[in-house]
$ cat start_25.cif   # mmCIF, C-alpha atoms and all ligand atoms
data_target
#
loop_
_atom_site.label_atom_id
_atom_site.label_comp_id
_atom_site.auth_asym_id
_atom_site.auth_seq_id
_atom_site.Cartn_x
_atom_site.Cartn_y
_atom_site.Cartn_z
CA MET A 1 -8.69 -15.47 34.31
CA VAL A 2 -7.29 -18.98 34.18
CA LEU A 3 -5.30 -19.84 31.09
CA ASP A 4 -6.95 -22.84 29.50
CA GLY A 5 -8.22 -23.81 26.06
CA SER A 6 -11.42 -21.83 26.64
CA LEU A 7 -9.78 -18.43 26.14
CA ARG A 8 -11.01 -16.78 22.92
CA VAL A 9 -8.04 -15.19 21.24
CA VAL A 10 -7.58 -12.87 18.27
CA VAL A 11 -4.14 -12.26 16.78
CA LEU A 12 -3.46 -9.32 14.46
CA ALA A 13 -0.65 -10.49 12.23
CA GLY A 14 1.38 -9.30 9.27
CA GLY A 15 3.95 -11.45 7.47
CA VAL A 16 6.75 -13.64 8.77
CA GLY A 17 7.04 -12.40 12.41
CA GLY A 18 3.26 -12.41 12.79
CA ALA A 19 3.00 -15.90 11.36
CA LYS A 20 5.58 -17.23 13.83
CA LEU A 21 3.69 -15.97 16.88
CA ALA A 22 0.37 -17.07 15.36
CA TYR A 23 1.85 -20.57 15.06
CA GLY A 24 2.83 -20.55 18.74
CA VAL A 25 -0.66 -19.39 19.74
CA ALA A 26 -2.33 -21.96 17.48
CA MET A 27 -0.39 -24.71 19.27
CA GLN A 28 -2.08 -23.73 22.56
CA VAL A 29 -5.55 -22.39 21.79
CA THR A 30 -8.47 -24.52 20.60
CA PRO A 31 -8.82 -23.80 16.83
CA GLN A 32 -12.50 -22.85 17.15
CA ARG A 33 -11.51 -20.17 19.66
CA LEU A 34 -8.70 -18.61 17.64
CA ALA A 35 -8.97 -16.05 14.84
CA ILE A 36 -6.03 -14.48 13.03
CA ILE A 37 -6.72 -11.14 11.39
CA GLY A 38 -4.36 -10.63 8.47
CA ASN A 39 -3.02 -7.65 6.53
CA VAL A 40 -4.27 -7.14 2.97
CA GLY A 41 -2.31 -3.90 2.35
CA ASP A 42 0.45 -6.03 0.76
CA ASP A 43 -1.96 -7.64 -1.71
CA PHE A 44 -1.40 -6.90 -5.37
CA GLU A 45 -2.24 -7.99 -8.88
CA HIS A 46 0.63 -9.59 -10.77
CA TYR A 47 0.24 -11.10 -14.27
CA GLY A 48 -3.50 -11.00 -13.65
CA LEU A 49 -3.26 -12.96 -10.40
CA HIS A 50 -4.49 -11.73 -7.03
CA ILE A 51 -1.65 -12.31 -4.57
CA SER A 52 -2.10 -12.01 -0.79
CA PRO A 53 1.44 -12.46 0.57
CA ASP A 54 0.78 -11.87 4.27
CA LEU A 55 -2.34 -14.03 4.44
CA ASP A 56 -0.52 -16.81 2.59
CA THR A 57 2.52 -16.56 4.87
CA VAL A 58 0.27 -17.11 7.90
CA MET A 59 -1.66 -19.89 6.14
CA TYR A 60 1.45 -21.81 5.05
CA THR A 61 3.05 -21.38 8.48
CA LEU A 62 -0.03 -22.72 10.30
CA ALA A 63 -0.29 -25.55 7.78
CA GLY A 64 3.36 -26.45 8.49
CA ILE A 65 4.47 -26.04 4.87
CA ALA A 66 6.15 -22.60 4.92
CA ASN A 67 9.66 -22.25 3.58
CA PRO A 68 11.76 -22.20 6.77
CA THR A 69 14.56 -20.16 5.17
CA THR A 70 12.56 -17.25 3.78
CA GLY A 71 9.50 -17.51 6.06
CA TRP A 72 7.27 -16.94 3.00
CA GLY A 73 6.44 -19.30 0.14
CA ILE A 74 6.30 -23.09 0.34
CA GLU A 75 9.05 -25.41 1.52
CA GLY A 76 10.72 -27.31 -1.34
CA ASP A 77 8.90 -25.29 -4.00
CA THR A 78 10.42 -25.12 -7.50
CA ARG A 79 10.98 -22.26 -9.98
CA GLN A 80 9.98 -23.70 -13.34
CA MET A 81 7.30 -21.07 -13.99
CA LEU A 82 9.78 -18.30 -13.14
CA ASP A 83 12.42 -19.84 -15.43
CA MET A 84 9.88 -19.93 -18.27
CA LEU A 85 9.00 -16.28 -17.67
CA THR A 86 12.71 -15.45 -17.94
CA ARG A 87 12.88 -17.38 -21.23
CA TYR A 88 10.11 -15.16 -22.53
CA GLY A 89 12.30 -12.17 -21.69
CA GLU A 90 10.51 -11.15 -18.49
CA GLU A 91 12.26 -10.09 -15.31
CA PRO A 92 10.43 -12.14 -12.65
CA TRP A 93 11.19 -9.96 -9.65
CA PHE A 94 8.45 -11.50 -7.50
CA GLY A 95 9.39 -15.09 -6.65
CA ILE A 96 6.24 -17.16 -7.06
CA GLY A 97 7.04 -20.87 -6.72
CA ASP A 98 5.26 -23.51 -8.81
CA ARG A 99 3.16 -24.85 -5.93
CA ASP A 100 2.50 -21.38 -4.56
CA LEU A 101 1.17 -20.47 -8.01
CA ALA A 102 -1.77 -22.84 -7.46
CA THR A 103 -2.88 -20.75 -4.48
CA HIS A 104 -2.89 -17.54 -6.54
CA LEU A 105 -4.66 -19.21 -9.49
CA LEU A 106 -7.47 -20.52 -7.32
CA ARG A 107 -7.82 -17.32 -5.30
CA THR A 108 -8.06 -15.29 -8.52
CA ALA A 109 -10.58 -17.69 -10.05
CA TRP A 110 -12.78 -17.77 -6.94
CA LEU A 111 -12.66 -13.99 -6.53
CA SER A 112 -13.61 -13.60 -10.21
CA ALA A 113 -16.51 -15.99 -9.62
CA GLY A 114 -17.83 -13.57 -6.99
CA HIS A 115 -16.54 -15.04 -3.73
CA SER A 116 -15.15 -12.69 -1.10
CA LEU A 117 -11.50 -12.85 0.00
CA THR A 118 -12.79 -14.04 3.40
CA GLU A 119 -14.53 -16.99 1.75
CA VAL A 120 -11.52 -17.75 -0.42
CA MET A 121 -9.09 -17.80 2.51
CA ALA A 122 -11.48 -19.98 4.53
CA ARG A 123 -11.60 -22.50 1.70
CA LEU A 124 -7.87 -22.49 1.00
CA SER A 125 -6.82 -22.73 4.64
CA ALA A 126 -9.35 -25.48 5.44
CA ALA A 127 -7.97 -27.50 2.52
CA LEU A 128 -4.48 -27.15 4.01
CA GLY A 129 -5.72 -28.35 7.40
CA VAL A 130 -5.65 -24.98 9.18
CA GLY A 131 -8.25 -25.23 11.93
CA CYS A 132 -8.49 -21.64 13.16
CA ARG A 133 -10.09 -18.75 11.25
CA LEU A 134 -7.72 -16.79 9.03
CA LEU A 135 -9.57 -13.55 8.35
CA PRO A 136 -8.58 -10.77 5.96
CA ALA A 137 -9.11 -7.48 7.82
CA THR A 138 -11.40 -6.35 4.99
CA ASP A 139 -12.90 -7.69 1.79
CA GLY A 140 -12.54 -4.21 0.30
CA LEU A 141 -9.59 -3.00 -1.73
CA LEU A 142 -6.94 -1.36 0.47
CA ARG A 143 -3.39 -1.15 -0.85
CA THR A 144 -0.30 0.16 0.91
CA MET A 145 1.52 2.83 -1.11
CA VAL A 146 4.99 4.17 -0.38
CA ASP A 147 6.26 7.63 -1.37
CA THR A 148 10.03 7.35 -1.78
CA ARG A 149 12.66 10.05 -2.19
CA GLU A 150 14.42 8.38 -5.12
CA LEU A 151 11.65 6.67 -7.09
CA GLY A 152 8.48 8.59 -6.25
CA THR A 153 5.35 6.66 -5.30
CA LEU A 154 5.64 2.87 -5.36
CA PRO A 155 3.00 0.18 -4.75
CA PHE A 156 4.08 -1.77 -1.67
CA GLN A 157 5.55 -4.90 -3.32
CA GLU A 158 7.58 -2.79 -5.75
CA TYR A 159 9.10 -0.96 -2.79
CA PHE A 160 9.56 -4.07 -0.67
CA VAL A 161 10.54 -6.84 -3.07
CA ARG A 162 11.58 -5.22 -6.36
CA HIS A 163 13.64 -2.48 -4.72
CA ARG A 164 14.45 -4.54 -1.59
CA TRP A 165 13.14 -1.77 0.71
CA GLN A 166 16.22 0.35 -0.04
CA PRO A 167 14.58 3.64 -1.20
CA ILE A 168 14.16 6.28 1.51
CA VAL A 169 10.53 6.50 2.56
CA GLU A 170 8.86 9.89 2.95
CA ARG A 171 5.27 8.79 3.49
CA ILE A 172 3.09 5.69 3.68
CA TRP A 173 -0.51 5.92 2.59
CA PHE A 174 -3.34 3.63 1.57
CA ARG A 175 -5.09 3.46 -1.78
CA ARG A 176 -8.73 2.47 -1.49
CA ASP A 177 -11.30 1.53 -4.03
CA GLY A 178 -14.77 1.92 -2.54
CA ALA A 179 -15.68 0.77 0.94
CA CYS A 180 -12.96 -0.81 3.08
CA GLU A 181 -14.85 -1.95 6.12
CA VAL A 182 -14.12 -4.62 8.68
CA THR A 183 -15.92 -7.81 7.76
CA ARG A 184 -18.73 -9.36 9.77
CA GLN A 185 -16.37 -12.20 10.70
CA VAL A 186 -13.70 -9.78 11.99
CA CYS A 187 -16.34 -7.88 14.03
CA GLN A 188 -17.59 -11.05 15.61
CA ALA A 189 -14.09 -12.34 16.42
CA VAL A 190 -12.93 -9.08 18.05
CA GLU A 191 -16.20 -8.58 19.95
CA GLN A 192 -15.99 -12.07 21.43
CA ALA A 193 -12.24 -12.10 22.14
CA ASP A 194 -11.00 -12.52 25.72
CA LEU A 195 -7.55 -11.50 24.55
CA LEU A 196 -6.22 -9.55 21.58
CA ILE A 197 -2.59 -9.97 20.59
CA ILE A 198 -0.78 -7.70 18.16
CA ALA A 199 1.99 -9.90 16.77
CA PRO A 200 5.60 -8.74 16.35
CA SER A 201 4.90 -7.40 12.87
CA ASN A 202 5.95 -4.13 11.28
CA PRO A 203 3.78 -1.46 13.01
CA LEU A 204 3.62 0.77 9.91
CA LEU A 205 3.47 -1.75 7.07
CA SER A 206 1.73 -4.78 8.58
CA ILE A 207 -0.41 -3.66 11.52
CA GLY A 208 -0.95 -0.10 10.22
CA PRO A 209 -3.02 -1.27 7.22
CA ILE A 210 -5.19 -3.45 9.50
CA LEU A 211 -5.88 -0.48 11.78
CA GLU A 212 -6.62 1.62 8.69
CA VAL A 213 -9.65 -0.51 7.79
CA ASP A 214 -12.90 1.37 8.51
CA GLY A 215 -14.30 0.35 11.88
CA MET A 216 -11.19 -1.49 13.12
CA ARG A 217 -9.96 1.06 15.66
CA ASP A 218 -13.48 1.54 17.07
CA LEU A 219 -13.92 -2.20 17.31
CA MET A 220 -10.64 -2.59 19.18
CA ALA A 221 -11.39 0.33 21.48
CA LYS A 222 -14.57 -1.49 22.57
CA ARG A 223 -12.69 -4.74 23.28
CA ARG A 224 -13.76 -6.71 26.31
CA GLY A 225 -10.42 -8.39 27.01
CA PRO A 226 -6.92 -6.92 27.19
CA CYS A 227 -4.80 -6.20 24.13
CA ILE A 228 -1.09 -7.02 24.22
CA VAL A 229 1.44 -6.00 21.58
CA VAL A 230 4.68 -7.92 21.09
CA SER A 231 7.49 -5.66 19.93
CA PRO A 232 9.04 -6.58 16.56
CA PHE A 233 12.38 -5.10 17.71
CA VAL A 234 15.28 -6.94 19.30
CA GLY A 235 18.22 -4.86 20.47
CA GLY A 236 16.68 -1.78 18.82
CA ARG A 237 16.54 -3.40 15.38
CA ALA A 238 13.86 -5.18 13.38
CA VAL A 239 14.33 -8.95 13.43
CA LYS A 240 13.45 -9.03 9.71
CA GLY A 241 12.55 -6.33 7.21
CA PRO A 242 12.68 -2.55 7.31
CA ALA A 243 10.71 -1.61 10.46
CA ASP A 244 13.57 0.23 12.19
CA LYS A 245 14.92 1.80 8.97
CA LEU A 246 11.45 3.00 8.08
CA MET A 247 10.63 4.43 11.50
CA ARG A 248 13.96 6.27 11.50
CA GLU A 249 13.23 7.71 8.04
CA LEU A 250 9.82 8.88 9.23
CA ALA A 251 11.31 10.29 12.45
CA LEU A 252 9.25 7.94 14.63
CA ASP A 253 10.44 6.72 18.01
CA PHE A 254 10.72 2.92 17.96
CA SER A 255 11.93 2.43 21.53
CA PRO A 256 9.47 0.52 23.79
CA ARG A 257 8.14 3.95 24.84
CA GLY A 258 7.67 4.99 21.20
CA LEU A 259 5.94 1.72 20.38
CA ALA A 260 3.52 2.14 23.30
CA ARG A 261 2.77 5.66 22.02
CA PHE A 262 2.23 4.36 18.49
CA TYR A 263 -0.44 1.97 19.82
CA ALA A 264 -1.83 4.46 22.40
CA GLY A 265 -5.44 3.79 23.33
CA LEU A 266 -5.34 0.30 21.84
CA ILE A 267 -3.04 -1.69 24.13
CA ASP A 268 -2.96 -2.77 27.77
CA GLY A 269 0.48 -4.37 27.73
CA LEU A 270 3.74 -4.40 25.78
CA VAL A 271 6.08 -7.38 25.48
CA ILE A 272 9.70 -6.48 24.74
CA ASP A 273 12.93 -8.39 24.32
CA GLU A 274 15.37 -8.41 27.24
CA SER A 275 17.94 -6.71 25.01
CA ASP A 276 15.67 -3.63 24.93
CA ALA A 277 15.24 -3.42 28.71
CA GLY A 278 17.67 -0.49 28.86
CA ALA A 279 15.85 1.57 26.18
CA PRO A 280 13.26 4.25 27.11
CA GLN A 281 10.21 2.53 28.60
CA PRO A 282 6.54 3.56 28.56
CA GLU A 283 5.36 5.38 31.66
CA GLU A 284 1.86 3.91 31.87
CA THR A 285 1.70 0.73 29.80
CA PRO A 286 2.76 -2.41 31.71
CA VAL A 287 5.78 -4.12 30.15
CA LEU A 288 6.74 -7.80 30.11
CA ILE A 289 10.44 -8.38 29.45
CA THR A 290 11.37 -11.75 27.98
CA GLN A 291 13.15 -13.36 25.02
CA THR A 292 11.14 -12.50 21.91
CA LEU A 293 13.39 -13.90 19.18
CA MET A 294 11.60 -16.87 17.59
CA VAL A 295 13.95 -19.22 15.76
CA SER A 296 12.72 -22.71 16.66
CA ALA A 297 9.17 -24.03 17.00
CA ALA A 298 9.84 -24.25 20.75
CA ASP A 299 10.65 -20.50 20.83
CA LYS A 300 7.31 -19.70 19.15
CA VAL A 301 5.34 -21.86 21.58
CA ARG A 302 7.20 -20.51 24.63
CA LEU A 303 6.72 -16.84 23.68
CA ALA A 304 3.06 -17.40 22.78
CA GLY A 305 2.56 -19.24 26.08
CA GLU A 306 4.02 -16.30 28.01
CA VAL A 307 1.81 -13.81 26.15
CA LEU A 308 -1.31 -15.94 26.74
CA ALA A 309 -0.49 -16.33 30.44
CA TRP A 310 0.12 -12.58 30.82
CA GLY A 311 -3.11 -11.89 28.94
CA GLY A 312 -4.91 -14.11 31.45
CA GLU A 313 -3.39 -12.12 34.33
CA LEU A 314 -4.23 -8.71 32.78
CA ALA A 315 -7.82 -9.84 32.24
CA GLU A 316 -8.33 -10.49 35.97
N1 LIG A 401 9.47 -11.57 -0.57
C1 LIG A 401 10.66 -11.28 -1.14
O1 LIG A 401 11.48 -10.61 -0.54
N2 LIG A 401 10.93 -11.71 -2.44
C2 LIG A 401 10.06 -12.46 -3.16
O2 LIG A 401 10.35 -12.82 -4.30
C3 LIG A 401 8.82 -12.80 -2.54
C4 LIG A 401 7.89 -13.60 -3.16
C5 LIG A 401 6.71 -13.98 -2.50
C6 LIG A 401 5.80 -14.84 -3.10
C7 LIG A 401 4.65 -15.22 -2.45
C8 LIG A 401 4.40 -14.73 -1.16
O3 LIG A 401 3.26 -15.09 -0.53
C9 LIG A 401 5.28 -13.87 -0.55
C10 LIG A 401 6.46 -13.49 -1.21
N3 LIG A 401 7.39 -12.64 -0.61
C11 LIG A 401 8.57 -12.33 -1.23
C12 LIG A 401 7.16 -12.09 0.72
C13 LIG A 401 6.31 -10.85 0.76
O4 LIG A 401 6.02 -10.21 -0.39
C14 LIG A 401 6.73 -9.85 1.84
O5 LIG A 401 7.53 -10.44 2.82
C15 LIG A 401 5.52 -9.34 2.54
O6 LIG A 401 4.59 -8.76 1.73
C16 LIG A 401 5.89 -8.41 3.70
O7 LIG A 401 5.25 -8.90 4.79
#
$ encode --input "start_25.cif" --output "structure tokens" --more "lines below"
Ligand code: FO1
Amino acid sequence: MVLDGSLRVVVLAGGVGGAKLAYGVAMQVTPQRLAIIGNVGDDFEHYGLHISPDLDTVMYTLAGIANPTTGWGIEGDTRQMLDMLTRYGEEPWFGIGDRDLATHLLRTAWLSAGHSLTEVMARLSAALGVGCRLLPATDGLLRTMVDTRELGTLPFQEYFVRHRWQPIVERIWFRRDGACEVTRQVCQAVEQADLLIIAPSNPLLSIGPILEVDGMRDLMAKRRGPCIVVSPFVGGRAVKGPADKLMRELALDFSPRGLARFYAGLIDGLVIDESDAGAPQPEETPVLITQTLMVSAADKVRLAGEVLAWGGELAE
């Protein structure tokens, strides 16, 4: 298959790493032909607001307004609301900036008015000039929960942000409230995709909750084009966040071979960093070895270009 703007691409993305690759893909694929499926396991309610950190990270990154230092939040945002909370005696452990707050206010208001999260994200991202579809994996309630040795069961953001992912994890599970099915929009995007890309996001905390949505694995198993996963590890360590720490704690193999096993039945190719070329490799899954670290915009576009080109070759 020739790589041109006509390829229909779906990217499964979590937070910062996923957003970076999604940006690179968005620079090369016609917006109408690109859908990003985002993780809602990180969503939570905070001071009555519905917060969707991973979806917002992708949205701000594609809109070109993400904070380049943290990867999440908005560049140049201020902390007046947080300072006021502190004055009231609160401990604002979750850093919502003043501009970011507007996103959570509107999302909460629109959800309360009866709109789905899919509709809300479509409206917010269109207003920020994002041309592709940014689709929550489900409109149902699915929340990542973490059983820790020291502090018992924690909702995801308490584990990740409040306790800076330091507690030792014994189990990850998902709290559901009612049906958690893939949306019509996700079904359509995956069914029509010529290429599926699993971004370099945490397999357990970012991609895991997407695969946990009812119907998602079946949908991916019936894919018409190839599915490529980009490893989130460089030199055997997570580029950002706790992926390697977590997989060690859960006794999971996070070498390229382990990653291919984790995604067994779902992927046709694995992209790894050249620093991991000496680690155990999968026996059956084809591997592309390249530089996967994305620091500059050029890095994101180059890596995405290589993945798209390889996807085109695997589809032939
Ligand atoms: N991550 C942090 O480590 N500390 C924060 O205070 C924080 C605030 C925050 C606010 C809005 C938002 O959309 C994301 C935010 N994140 C913060 C990132 C986020 O919670 C995690 O990186 C993801 O959930 C993991 O992918």
$ axis_aligned_box --input "start_25.cif" --around "ligand LIG 401 (chain A)" --padding-each-side "4 Å" --output "lines of an AutoDock Vina configuration file"
center_x = 7.4
center_y = -11.8
center_z = 0.2
size_x = 16.2
size_y = 14.8
size_z = 17.1
$ residues_around --input "start_25.cif" --residues "Thr103 of chain A" --least-positions-apart "2" --cutoff "12 Å" --atoms "all atoms listed in the file" --output "VMD selection string"
chain A and resid 49 to 53 55 to 57 59 to 60 73 to 74 96 to 101 105 to 110 120 to 121 123 to 125 127 to 128
$ atom_distance --input "start_25.cif" --atom1 "atom CA of Asp253 of chain A" --atom2 "atom CA of Leu266 of chain A"
17.5 Å
$ closest_residue --input "start_25.cif" --among "A:Thr70, A:Ser231, A:Ser255, A:Thr153" --to "Gly278 of chain A" --atoms "all atoms listed in the file"
A:Ser255
$ residues_around --input "start_25.cif" --residues "Leu303 of chain A" --least-positions-apart "5" --cutoff "12 Å" --atoms "only C-alpha atoms" --output "number ranges by chain"
A: 20-25, 27-28, 197, 199-200, 230-231, 271-273, 288-298, 308-310
$ residues_around --input "start_25.cif" --residues "Gln192 of chain A" --least-positions-apart "6" --cutoff "12 Å" --atoms "all atoms listed in the file" --output "count of residues only"
17
$ residues_near_ligand --input "start_25.cif" --ligand "ligand LIG 401 (chain A)" --cutoff "10 Å" --atoms "all atoms listed in the file" --output "ChimeraX atom specification"
/A:13-19,39-44,51-60,66,70-74,92-97,100-101,103-104,156-158,160-165,201-202,205-206,240-242
$ atom_distance --input "start_25.cif" --atom1 "atom CA of Gly312 of chain A" --atom2 "atom CA of Leu270 of chain A"
14.2 Å
$ atom_distance --input "start_25.cif" --atom1 "atom CA of Glu90 of chain A" --atom2 "atom CA of Leu117 of chain A"
28.8 Å
$ residues_near_point --input "start_25.cif" --point "(3.1, 2.3, -4.5)" --cutoff "10 Å" --atoms "only C-alpha atoms" --output "list in words"
Arg143, Thr144, Met145, Val146, Asp147, Thr148, Leu151, Gly152, Thr153, Leu154, Pro155, Phe156, Gln157, Glu158, Tyr159, Phe160, Ile172, Trp173, Phe174 and Arg175 of chain A
$ closest_residue --input "start_25.cif" --among "A:Leu135, A:Leu111, A:Ala63, A:Leu246" --to "Pro167 of chain A" --atoms "all atoms listed in the file"
A:Leu246
